[in-house]
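Participant: To be precise about what I am sending: the file is called input_34.pdb and holds PDB, C-alpha atoms and all ligand atoms.
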MODEL        1
ATOM      1  CA  MET I   1     -78.436-135.012  -2.713
ATOM      2  CA  THR I   2     -81.315-134.740  -5.155
ATOM      3  CA  ARG I   3     -81.103-136.507  -8.481
ATOM      4  CA  VAL I   4     -81.043-134.174 -11.448
ATOM      5  CA  ASP I   5     -83.964-134.845 -13.743
ATOM      6  CA  ASP I   6     -83.136-136.635 -17.025
ATOM      7  CA  ASN I   7     -85.171-134.173 -19.068
ATOM      8  CA  PHE I   8     -83.229-131.278 -17.574
ATOM      9  CA  LEU I   9     -79.955-132.963 -18.574
ATOM     10  CA  VAL I  10     -81.341-133.600 -22.070
ATOM     11  CA  GLN I  11     -82.267-129.921 -22.385
ATOM     12  CA  GLN I  12     -78.843-128.864 -21.144
ATOM     13  CA  THR I  13     -77.204-131.133 -23.717
ATOM     14  CA  LEU I  14     -79.352-129.674 -26.468
ATOM     15  CA  ASN I  15     -78.233-126.225 -25.307
ATOM     16  CA  GLY I  16     -74.643-127.276 -25.948
ATOM     17  CA  ASN I  17     -73.582-128.482 -22.518
ATOM     18  CA  LYS I  18     -71.829-131.757 -23.331
ATOM     19  CA  ASN I  19     -71.075-132.403 -19.686
ATOM     20  CA  ALA I  20     -74.802-132.876 -19.100
ATOM     21  CA  PHE I  21     -74.779-135.751 -21.571
ATOM     22  CA  ARG I  22     -71.805-137.223 -19.738
ATOM     23  CA  PHE I  23     -73.993-137.351 -16.622
ATOM     24  CA  LEU I  24     -76.612-139.274 -18.602
ATOM     25  CA  VAL I  25     -73.958-141.737 -19.808
ATOM     26  CA  LEU I  26     -72.743-142.271 -16.261
ATOM     27  CA  ARG I  27     -76.312-142.734 -15.061
ATOM     28  CA  TYR I  28     -77.338-145.297 -17.665
ATOM     29  CA  GLN I  29     -74.126-147.108 -18.559
ATOM     30  CA  LYS I  30     -74.742-149.885 -16.048
ATOM     31  CA  PRO I  31     -78.338-150.736 -17.044
ATOM     32  CA  ILE I  32     -77.367-150.538 -20.724
ATOM     33  CA  PHE I  33     -74.593-153.062 -20.132
ATOM     34  CA  LYS I  34     -77.042-155.310 -18.289
ATOM     35  CA  ILE I  35     -79.607-155.186 -21.071
ATOM     36  CA  LEU I  36     -77.065-155.743 -23.818
ATOM     37  CA  GLY I  37     -75.404-158.450 -21.767
ATOM     38  CA  ALA I  38     -78.708-160.315 -21.635
ATOM     39  CA  LEU I  39     -78.920-160.328 -25.414
ATOM     40  CA  ILE I  40     -75.284-160.795 -26.319
ATOM     41  CA  TYR I  41     -72.528-162.122 -24.184
ATOM     42  CA  ASP I  42     -69.495-160.979 -26.101
ATOM     43  CA  LYS I  43     -68.007-158.361 -23.786
ATOM     44  CA  GLN I  44     -66.365-156.416 -26.574
ATOM     45  CA  MET I  45     -69.530-156.377 -28.615
ATOM     46  CA  VAL I  46     -71.532-155.245 -25.607
ATOM     47  CA  GLU I  47     -69.117-152.337 -25.155
ATOM     48  CA  GLU I  48     -69.184-151.417 -28.838
ATOM     49  CA  ILE I  49     -72.970-151.457 -29.018
ATOM     50  CA  ALA I  50     -73.274-149.566 -25.744
ATOM     51  CA  GLN I  51     -70.996-146.834 -27.152
ATOM     52  CA  GLU I  52     -72.952-146.768 -30.381
ATOM     53  CA  ALA I  53     -76.240-146.553 -28.471
ATOM     54  CA  PHE I  54     -75.079-143.487 -26.560
ATOM     55  CA  LEU I  55     -73.660-141.941 -29.709
ATOM     56  CA  ARG I  56     -76.942-142.460 -31.577
ATOM     57  CA  ALA I  57     -78.852-141.085 -28.616
ATOM     58  CA  TYR I  58     -76.652-137.985 -28.613
ATOM     59  CA  LYS I  59     -77.024-137.438 -32.337
ATOM     60  CA  SER I  60     -80.802-137.836 -32.330
ATOM     61  CA  LEU I  61     -81.409-136.200 -28.979
ATOM     62  CA  SER I  62     -83.439-133.433 -30.593
ATOM     63  CA  SER I  63     -85.966-136.051 -31.716
ATOM     64  CA  PHE I  64     -86.561-137.175 -28.128
ATOM     65  CA  ASP I  65     -89.770-135.625 -26.912
ATOM     66  CA  PRO I  66     -90.642-136.274 -23.259
ATOM     67  CA  ASN I  67     -94.171-135.059 -23.995
ATOM     68  CA  LEU I  68     -94.770-138.161 -26.114
ATOM     69  CA  GLY I  69     -94.864-140.219 -22.947
ATOM     70  CA  ALA I  70     -91.608-142.157 -23.069
ATOM     71  CA  SER I  71     -88.937-141.411 -20.513
ATOM     72  CA  PHE I  72     -85.336-140.823 -21.595
ATOM     73  CA  SER I  73     -84.315-144.234 -20.233
ATOM     74  CA  THR I  74     -87.052-146.030 -22.208
ATOM     75  CA  TRP I  75     -86.015-144.155 -25.352
ATOM     76  CA  LEU I  76     -82.346-144.985 -24.773
ATOM     77  CA  PHE I  77     -83.017-148.664 -24.017
ATOM     78  CA  THR I  78     -85.078-148.939 -27.203
ATOM     79  CA  ILE I  79     -82.103-147.630 -29.199
ATOM     80  CA  ALA I  80     -79.785-150.115 -27.480
ATOM     81  CA  ARG I  81     -82.165-153.022 -27.992
ATOM     82  CA  ASN I  82     -82.661-152.238 -31.677
ATOM     83  CA  LEU I  83     -78.929-151.854 -32.231
ATOM     84  CA  ALA I  84     -78.269-155.177 -30.531
ATOM     85  CA  PHE I  85     -80.861-156.984 -32.648
ATOM     86  CA  ASN I  86     -79.643-155.306 -35.847
ATOM     87  CA  GLU I  87     -76.064-156.176 -35.111
ATOM     88  CA  LEU I  88     -76.913-159.770 -34.311
ATOM     89  CA  ASP I  89     -78.990-160.069 -37.467
ATOM     90  CA  LYS I  90     -76.261-158.481 -39.531
ATOM     91  CA  ARG I  91     -73.539-160.731 -38.286
ATOM     92  CA  LYS I  92     -75.878-163.717 -38.320
ATOM     93  CA  ILE I  93     -74.214-164.951 -35.223
ATOM     94  CA  ARG I  94     -77.246-165.175 -33.047
ATOM     95  CA  LYS I  95     -77.319-168.948 -32.965
ATOM     96  CA  ALA I  96     -73.583-169.435 -32.799
ATOM     97  CA  ASN I  97     -73.452-166.690 -30.200
ATOM     98  CA  ASP I  98     -76.003-168.397 -28.003
ATOM     99  CA  GLU I  99     -74.137-171.652 -28.176
ATOM    100  CA  LYS I 100     -70.781-170.027 -27.558
ATOM    101  CA  ILE I 101     -72.056-167.887 -24.759
ATOM    102  CA  PHE I 102     -74.638-169.714 -22.862
ATOM    103  CA  GLY I 103     -73.430-173.179 -23.770
ATOM    104  CA  SER I 104     -75.399-175.593 -25.830
ATOM    105  CA  GLU I 105     -75.247-178.186 -23.093
ATOM    106  CA  GLU I 106     -78.202-178.748 -20.848
ATOM    107  CA  LEU I 107     -78.109-177.261 -17.395
ATOM    108  CA  SER I 108     -76.939-179.727 -14.800
ATOM    109  CA  THR I 109     -79.729-180.775 -12.465
ATOM    110  CA  ASP I 110     -77.708-182.515  -9.787
ATOM    111  CA  GLY I 111     -79.750-180.863  -7.107
ATOM    112  CA  PRO I 112     -79.157-177.857  -4.876
ATOM    113  CA  ASP I 113     -75.515-177.174  -4.205
ATOM    114  CA  LYS I 114     -75.133-174.858  -1.238
ATOM    115  CA  ASP I 115     -71.425-174.342  -1.950
ATOM    116  CA  LEU I 116     -71.959-172.751  -5.324
ATOM    117  CA  GLU I 117     -69.826-169.619  -5.514
ATOM    118  CA  SER I 118     -71.667-166.509  -6.583
ATOM    119  CA  THR I 119     -69.747-166.429  -9.884
ATOM    120  CA  GLN I 120     -70.892-169.974 -10.558
ATOM    121  CA  THR I 121     -74.424-168.992  -9.609
ATOM    122  CA  ASN I 122     -74.215-166.094 -12.046
ATOM    123  CA  THR I 123     -73.041-168.450 -14.780
ATOM    124  CA  VAL I 124     -75.914-170.827 -14.064
ATOM    125  CA  VAL I 125     -78.435-167.975 -14.129
ATOM    126  CA  ARG I 126     -76.987-166.554 -17.350
ATOM    127  CA  LYS I 127     -77.149-169.963 -18.968
ATOM    128  CA  ALA I 128     -80.726-170.326 -17.819
ATOM    129  CA  VAL I 129     -81.627-166.875 -19.173
ATOM    130  CA  GLY I 130     -79.853-167.796 -22.417
ATOM    131  CA  GLN I 131     -82.073-170.830 -22.782
ATOM    132  CA  LEU I 132     -85.185-168.680 -22.778
ATOM    133  CA  PRO I 133     -86.701-167.944 -26.180
ATOM    134  CA  LYS I 134     -85.349-164.599 -27.381
ATOM    135  CA  GLU I 135     -88.678-162.842 -27.198
ATOM    136  CA  PHE I 136     -88.948-163.757 -23.494
ATOM    137  CA  ARG I 137     -85.343-162.981 -22.612
ATOM    138  CA  MET I 138     -85.447-159.220 -22.950
ATOM    139  CA  ALA I 139     -88.822-158.889 -21.210
ATOM    140  CA  VAL I 140     -87.681-160.989 -18.246
ATOM    141  CA  VAL I 141     -84.381-159.151 -17.846
ATOM    142  CA  LEU I 142     -86.029-155.745 -18.128
ATOM    143  CA  SER I 143     -88.635-156.712 -15.561
ATOM    144  CA  CYS I 144     -85.881-157.856 -13.219
ATOM    145  CA  LEU I 145     -83.952-154.614 -13.541
ATOM    146  CA  GLU I 146     -85.156-151.987 -11.144
ATOM    147  CA  GLY I 147     -87.732-149.483 -12.127
ATOM    148  CA  HIS I 148     -89.148-150.883 -15.353
ATOM    149  CA  SER I 149     -92.908-150.896 -15.489
ATOM    150  CA  ILE I 150     -94.876-153.163 -17.825
ATOM    151  CA  SER I 151     -95.768-150.190 -20.021
ATOM    152  CA  GLU I 152     -92.111-149.127 -20.310
ATOM    153  CA  ILE I 153     -91.099-152.649 -21.313
ATOM    154  CA  ALA I 154     -93.921-152.669 -23.885
ATOM    155  CA  GLN I 155     -92.560-149.417 -25.347
ATOM    156  CA  ILE I 156     -89.013-150.782 -25.513
ATOM    157  CA  GLU I 157     -90.142-154.091 -26.997
ATOM    158  CA  GLY I 158     -92.614-152.437 -29.336
ATOM    159  CA  CYS I 159     -95.527-154.703 -28.340
ATOM    160  CA  SER I 160     -98.659-154.580 -26.220
ATOM    161  CA  GLU I 161     -98.672-154.680 -22.426
ATOM    162  CA  GLY I 162    -100.591-157.968 -22.594
ATOM    163  CA  THR I 163     -97.836-159.543 -24.677
ATOM    164  CA  VAL I 164     -95.206-158.277 -22.246
ATOM    165  CA  LYS I 165     -97.086-159.730 -19.279
ATOM    166  CA  SER I 166     -97.401-163.064 -21.010
ATOM    167  CA  ARG I 167     -93.694-163.083 -21.964
ATOM    168  CA  ILE I 168     -92.636-162.221 -18.429
ATOM    169  CA  PHE I 169     -94.992-164.750 -16.879
ATOM    170  CA  ARG I 170     -93.925-167.585 -19.153
ATOM    171  CA  GLY I 171     -90.272-166.580 -19.116
ATOM    172  CA  LYS I 172     -90.130-166.497 -15.343
ATOM    173  CA  GLN I 173     -91.933-169.817 -15.087
ATOM    174  CA  MET I 174     -89.326-171.331 -17.396
ATOM    175  CA  LEU I 175     -86.510-169.734 -15.410
ATOM    176  CA  ARG I 176     -87.888-171.144 -12.167
ATOM    177  CA  GLY I 177     -88.077-174.510 -13.878
ATOM    178  CA  PHE I 178     -84.408-174.274 -14.833
ATOM    179  CA  LEU I 179     -83.099-172.803 -11.604
ATOM    180  CA  ILE I 180     -85.022-174.422  -8.744
ATOM    181  CA  PRO I 181     -83.672-177.939  -9.463
ATOM    182  CA  ILE I 182     -80.115-176.558  -9.405
ATOM    183  CA  LEU I 183     -80.152-173.798  -6.827
ATOM    184  CA  GLY I 184     -83.044-174.945  -4.688
ATOM    185  CA  ASP I 185     -86.299-173.203  -3.771
ATOM    186  CA  GLY I 186     -84.584-170.126  -2.394
ATOM    187  CA  TYR I 187     -82.148-169.892  -5.320
ATOM    188  CA  GLY I 188     -79.302-170.459  -2.890
ATOM    189  CA  LYS I 189     -80.541-167.635  -0.660
ATOM    190  CA  ASN I 190     -82.692-167.686   2.409
ATOM    191  CA  LEU I 191     -86.176-166.530   1.627
TER     192      LEU I 191
ATOM    193  CA  MET M   1    -107.927-169.780  -3.749
ATOM    194  CA  ALA M   2    -109.335-166.456  -2.561
ATOM    195  CA  LYS M   3    -109.870-163.834  -5.266
ATOM    196  CA  ILE M   4    -107.425-161.381  -3.667
ATOM    197  CA  CYS M   5    -104.749-164.121  -3.578
ATOM    198  CA  GLU M   6    -105.328-164.859  -7.256
ATOM    199  CA  GLU M   7    -105.090-161.195  -8.222
ATOM    200  CA  THR M   8    -102.032-160.569  -6.078
ATOM    201  CA  GLN M   9    -100.201-163.629  -7.336
ATOM    202  CA  SER M  10    -100.908-162.852 -10.986
ATOM    203  CA  LEU M  11     -99.418-159.371 -10.473
ATOM    204  CA  ILE M  12     -96.392-160.788  -8.635
ATOM    205  CA  ALA M  13     -95.779-163.317 -11.416
ATOM    206  CA  VAL M  14     -95.474-160.618 -14.069
ATOM    207  CA  GLY M  15     -93.534-158.223 -11.871
ATOM    208  CA  ALA M  16     -96.293-155.616 -11.963
ATOM    209  CA  GLU M  17     -96.647-153.077  -9.187
ATOM    210  CA  LEU M  18     -99.041-154.106  -6.433
ATOM    211  CA  SER M  19    -101.803-151.793  -5.319
ATOM    212  CA  SER M  20    -101.605-150.627  -1.695
ATOM    213  CA  GLN M  21    -104.315-153.172  -0.866
ATOM    214  CA  GLY M  22    -102.402-155.910  -2.705
ATOM    215  CA  ALA M  23     -99.164-154.983  -0.962
ATOM    216  CA  GLU M  24    -100.903-155.111   2.428
ATOM    217  CA  HIS M  25    -102.353-158.495   1.548
ATOM    218  CA  ALA M  26     -98.976-159.828   0.376
ATOM    219  CA  LYS M  27     -97.555-158.954   3.790
ATOM    220  CA  SER M  28    -100.208-160.758   5.759
ATOM    221  CA  CYS M  29    -100.958-163.782   3.524
ATOM    222  CA  GLY M  30     -98.486-166.640   3.912
ATOM    223  CA  LYS M  31     -98.779-167.971   0.353
ATOM    224  CA  CYS M  32     -98.623-164.574  -1.327
ATOM    225  CA  SER M  33     -95.713-163.349   0.813
ATOM    226  CA  LEU M  34     -93.754-166.522   0.025
ATOM    227  CA  LEU M  35     -94.384-166.099  -3.704
ATOM    228  CA  LEU M  36     -93.471-162.408  -3.536
ATOM    229  CA  SER M  37     -90.137-163.066  -1.838
ATOM    230  CA  GLU M  38     -89.397-165.907  -4.264
ATOM    231  CA  TYR M  39     -89.975-163.649  -7.264
ATOM    232  CA  GLN M  40     -88.009-160.842  -5.630
ATOM    233  CA  SER M  41     -85.103-163.254  -5.129
ATOM    234  CA  LEU M  42     -85.379-164.390  -8.740
ATOM    235  CA  ALA M  43     -85.349-160.795  -9.982
ATOM    236  CA  LEU M  44     -82.325-159.998  -7.840
ATOM    237  CA  LEU M  45     -80.532-163.104  -9.050
ATOM    238  CA  VAL M  46     -81.161-162.272 -12.715
ATOM    239  CA  SER M  47     -80.200-158.634 -12.214
ATOM    240  CA  ASP M  48     -76.978-159.596 -10.400
ATOM    241  CA  SER M  49     -76.030-162.248 -12.932
ATOM    242  CA  MET M  50     -76.355-159.744 -15.776
ATOM    243  CA  ASP M  51     -73.887-157.501 -14.044
ATOM    244  CA  PHE M  52     -71.496-156.849 -16.874
ATOM    245  CA  GLU M  53     -68.718-154.720 -15.564
ATOM    246  CA  VAL M  54     -68.670-151.325 -17.188
ATOM    247  CA  PRO M  55     -65.057-150.734 -18.284
ATOM    248  CA  SER M  56     -63.430-147.881 -16.426
ATOM    249  CA  GLY M  57     -63.451-144.693 -18.449
ATOM    250  CA  PHE M  58     -66.420-145.830 -20.527
ATOM    251  CA  ALA M  59     -68.173-142.458 -20.241
ATOM    252  CA  ASP M  60     -64.973-140.695 -21.344
ATOM    253  CA  ALA M  61     -64.688-143.067 -24.292
ATOM    254  CA  VAL M  62     -68.259-142.216 -25.312
ATOM    255  CA  MET M  63     -67.620-138.497 -25.005
ATOM    256  CA  ASN M  64     -64.390-138.828 -27.036
ATOM    257  CA  LYS M  65     -66.297-140.696 -29.727
ATOM    258  CA  ILE M  66     -68.875-137.902 -29.805
ATOM    259  CA  GLU M  67     -66.098-135.293 -30.117
ATOM    260  CA  MET M  68     -64.433-137.245 -32.915
ATOM    261  CA  GLU M  69     -67.727-137.729 -34.724
ATOM    262  CA  GLU M  70     -68.485-134.013 -34.528
ATOM    263  CA  LYS M  71     -65.009-133.112 -35.761
ATOM    264  CA  SER M  72     -65.259-135.516 -38.646
ATOM    265  CA  LEU M  73     -68.694-134.079 -39.475
ATOM    266  CA  GLN M  74     -67.171-130.586 -39.578
ATOM    267  CA  ASN M  75     -64.318-131.880 -41.744
ATOM    268  CA  ASP M  76     -66.843-133.637 -43.973
ATOM    269  CA  TRP M  77     -68.686-130.349 -44.431
ATOM    270  CA  LEU M  78     -65.480-128.514 -45.317
ATOM    271  CA  GLN M  79     -64.467-131.327 -47.646
ATOM    272  CA  LYS M  80     -67.884-131.174 -49.311
ATOM    273  CA  CYS M  81     -67.533-127.411 -49.891
ATOM    274  CA  VAL M  82     -64.079-127.837 -51.439
ATOM    275  CA  SER M  83     -65.113-130.703 -53.685
ATOM    276  CA  THR M  84     -68.282-128.864 -54.801
ATOM    277  CA  PHE M  85     -66.149-125.825 -55.711
ATOM    278  CA  GLU M  86     -63.696-128.046 -57.593
ATOM    279  CA  ARG M  87     -66.509-129.748 -59.500
ATOM    280  CA  LEU M  88     -68.066-126.405 -60.421
ATOM    281  CA  MET M  89     -64.750-124.991 -61.623
ATOM    282  CA  ALA M  90     -64.226-128.028 -63.840
ATOM    283  CA  ILE M  91     -67.234-126.957 -65.962
ATOM    284  CA  PRO M  92     -66.127-124.687 -68.941
ATOM    285  CA  GLN M  93     -69.185-122.430 -68.592
ATOM    286  CA  THR M  94     -68.304-121.747 -64.951
ATOM    287  CA  GLN M  95     -64.737-120.993 -65.981
ATOM    288  CA  TYR M  96     -65.981-118.457 -68.607
ATOM    289  CA  LEU M  97     -68.323-116.952 -66.040
ATOM    290  CA  ALA M  98     -65.502-116.608 -63.502
ATOM    291  CA  LEU M  99     -63.241-115.123 -66.165
ATOM    292  CA  GLY M 100     -65.980-112.689 -67.216
ATOM    293  CA  LEU M 101     -66.632-111.656 -63.618
ATOM    294  CA  GLY M 102     -62.911-111.184 -62.997
ATOM    295  CA  GLY M 103     -62.614-109.080 -66.160
ATOM    296  CA  ALA M 104     -65.641-106.984 -65.221
ATOM    297  CA  VAL M 105     -64.265-106.300 -61.731
ATOM    298  CA  SER M 106     -60.875-105.312 -63.228
ATOM    299  CA  LEU M 107     -62.526-102.942 -65.741
ATOM    300  CA  LEU M 108     -64.592-101.392 -62.981
ATOM    301  CA  ASN M 109     -61.479-100.836 -60.875
ATOM    302  CA  LEU M 110     -59.699 -99.305 -63.876
ATOM    303  CA  ALA M 111     -62.655 -97.001 -64.555
ATOM    304  CA  LYS M 112     -62.715 -96.034 -60.849
ATOM    305  CA  PHE M 113     -58.996 -95.202 -60.998
ATOM    306  CA  VAL M 114     -59.409 -93.127 -64.178
ATOM    307  CA  PHE M 115     -62.512 -91.167 -63.064
ATOM    308  CA  PHE M 116     -61.755 -90.695 -59.380
ATOM    309  CA  VAL M 117     -57.946 -90.481 -59.299
ATOM    310  CA  LEU M 118     -56.488 -89.462 -62.680
ATOM    311  CA  ILE M 119     -59.138 -87.004 -63.942
ATOM    312  CA  PRO M 120     -59.565 -85.071 -60.608
ATOM    313  CA  VAL M 121     -55.723 -84.596 -60.446
ATOM    314  CA  GLN M 122     -55.659 -83.025 -63.945
TER     315      GLN M 122
HETATM  316 ZN    ZN J   1    -102.872-164.404  -0.615
ENDMDL
END
Just dump the structure as structure tokens.
Ligand SMILES: [Zn+2]
Facilitator:
Amino acid sequence: MTRVDDNFLVQQTLNGNKNAFRFLVLRYQKPIFKILGALIYDKQMVEEIAQEAFLRAYKSLSSFDPNLGASFSTWLFTIARNLAFNELDKRKIRKANDEKIFGSEELSTDGPDKDLESTQTNTVVRKAVGQLPKEFRMAVVLSCLEGHSISEIAQIEGCSEGTVKSRIFRGKQMLRGFLIPILGDGYGKNL
Amino acid sequence: MAKICEETQSLIAVGAELSSQGAEHAKSCGKCSLLLSEYQSLALLVSDSMDFEVPSGFADAVMNKIEMEEKSLQNDWLQKCVSTFERLMAIPQTQYLALGLGGAVSLLNLAKFVFFVLIPVQ
């Protein structure tokens, strides 16, 4: 089955077909949760901001212009990112949040543990991502999610492609530094 | 390190798309292919670990919120109209104007009745 183009769904929504917007929500709910989850770990807050992001997108859909170069997903992720940062700033919980979520303790470096359950692995990876400086965190997560080019990440982050490359490079180096001592060279998987 | 290895590895490290030549090289070069699969594993690991479960019915919740927002916007508009009317009618000049208009309409109706109903009958 062919995938219906985002811009077509946007146009349909603007013509009054709300169901078309529902398709867009279903299409992007998962990546939005991933992106917001990388910035904030409070499940309820992630859900609230995700809802707000879609609501804002719906309300300002007429201002989205595909001819300006950004895709709908880039435009939507920018809204979600900005909302997440605003909310965190507003509540001034960023620091407390990081400690609560990712743990303020250092990552254990007892060496590779082949018996780590995948949930434990996920916790380790999330903690490692949480230890990245905030400006690196988003760039690394976006680059790890499928289909995000450097230029798209630069648009979402509102910085140059060079800055994005440097953030991804340094962020991934740091992540490798955190994870290889714990999960081993293959991150617990066979390369 | 060969120049092609350097170029390929710098692209792999930032997750940029490899050119067809770079992709071919990454397949055949031991060092580059190892680095590529390591970074692919890392990306997969990060992507999987960020897998926040989307609550069931999330899309419906969003659509309900949109509906509610639109309804409340409509109600807001109606409310605004009513309150603007109330504010206007609280001004004495507007009251006189309304009274004057009402009186004028009544007089016109009376004149219409006299000239088009009463007089033609006589
Ligand atoms: Zn090579």
Participant: Given a cut-off of 12 Å, what residues near ligand ZN 1 (chain J) show up using only C-alpha atoms and all ligand atoms, put as a PyMOL selection string?
Facilitator: chain M and resi 1-12+21-36
Participant: Please, which residues in chain I fall within 8 Å of chain M when counting all atoms listed in the file, and what is the closest atom pair and distance in Å to one decimal for each, ordered by chain then residue number, as a Markdown table?
Facilitator:
| residue | atom | partner | partner_atom | distance |
| --- | --- | --- | --- | --- |
| I:Arg22 | CA | M:Ala59 | CA | 6.4 |
| I:Val25 | CA | M:Ala59 | CA | 5.8 |
| I:Leu26 | CA | M:Ala59 | CA | 6.1 |
| I:Gln29 | CA | M:Val54 | CA | 7.0 |
| I:Lys30 | CA | M:Val54 | CA | 6.3 |
| I:Phe33 | CA | M:Phe52 | CA | 5.9 |
| I:Lys34 | CA | M:Met50 | CA | 5.1 |
| I:Ile35 | CA | M:Met50 | CA | 7.7 |
| I:Gly37 | CA | M:Met50 | CA | 6.2 |
| I:Ala38 | CA | M:Met50 | CA | 6.3 |
| I:Lys43 | CA | M:Phe52 | CA | 7.9 |
| I:Gln51 | CA | M:Val62 | CA | 5.7 |
| I:Phe54 | CA | M:Val62 | CA | 7.0 |
| I:Leu55 | CA | M:Ile66 | CA | 6.3 |
| I:Tyr58 | CA | M:Ile66 | CA | 7.9 |
| I:Thr121 | CA | M:Ser49 | CA | 7.7 |
| I:Asn122 | CA | M:Ser49 | CA | 4.3 |
| I:Thr123 | CA | M:Ser49 | CA | 7.1 |
| I:Val125 | CA | M:Ser49 | CA | 6.3 |
| I:Arg126 | CA | M:Ser49 | CA | 6.2 |
| I:Val129 | CA | M:Val46 | CA | 7.9 |
| I:Val141 | CA | M:Val46 | CA | 6.8 |
| I:Ser143 | CA | M:Gly15 | CA | 6.3 |
| I:Cys144 | CA | M:Ala43 | CA | 4.4 |
| I:Leu145 | CA | M:Ser47 | CA | 5.7 |
| I:Ser149 | CA | M:Ala16 | CA | 6.8 |
| I:Ile150 | CA | M:Ala16 | CA | 6.5 |
| I:Lys165 | CA | M:Val14 | CA | 5.5 |
| I:Ser166 | CA | M:Val14 | CA | 7.6 |
| I:Ile168 | CA | M:Val14 | CA | 5.4 |
| I:Phe169 | CA | M:Val14 | CA | 5.0 |
| I:Lys172 | CA | M:Ala13 | CA | 7.6 |
| I:Arg176 | CA | M:Leu42 | CA | 8.0 |
| I:Asp185 | CA | M:Glu38 | CA | 7.9 |
| I:Gly186 | CA | M:Glu38 | CA | 6.7 |
| I:Tyr187 | CA | M:Leu42 | CA | 7.2 |
| I:Lys189 | CA | M:Ser41 | CA | 7.7 |
| I:Leu191 | CA | M:Ser37 | CA | 6.3 |
Participant: Counting only C-alpha atoms, find the residues whose atoms lie at most 8 Å from (-86.0, -137.0, -21.2) (file coordinates) and write them out as a ChimeraX atom specification.
Facilitator: /I:6-10,64-66,70-73
Participant: To test your reading of the syntax: which residues would the PyMOL selection byres (((chain I and resi 46-49) around 8) and not hetatm) return for the file shown? Reply as a count of residues only.
Facilitator: 16
Participant: I:Asn19, I:Asn67, I:Thr74, I:Gln120: which is nearest I:Leu183, counting all atoms listed in the file?
Facilitator: I:Gln120
Participant: Report as a compact mmCIF listing (two decimals) with C-alpha atoms, keeping the file's coordinate frame all protein, DNA and RNA residues lying within 8 Å of I:Ala57, evaluated on all atoms listed in the file, omitting residues in the same chain fewer than 4 positions from it.
Facilitator:
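Generated file (around.txt):
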# COMPACT_ATOMS: atom_id res chain seq x y z
CA ALA I 53 -76.24 -146.55 -28.47
CA LEU I 61 -81.41 -136.20 -28.98
CA LEU I 76 -82.35 -144.99 -24.77
CA ILE I 79 -82.10 -147.63 -29.20
Participant: Please compute the atom CA of I:Met174-atom CA of M:Ser19 distance, one decimal, in Å.
Facilitator: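 So the answer is 26.1 Å.
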Participant: Using the chain letters and residue numbers of this document, give as number ranges by chain the residues selected by the PyMOL selection byres (((chain I and resi 132) around 12) and not hetatm).
Facilitator: I: 38-39, 98, 102, 125-131, 133-141, 167-168, 170-178
Participant: Would you kindly translate the PyMOL selection byres (((chain I and resi 157) around 10) and not hetatm) into the concrete residues it picks from this file, as a PyMOL selection string?
Facilitator: chain I and resi 74+77-78+81-82+135+138-139+142+151-156+158-161+163-164
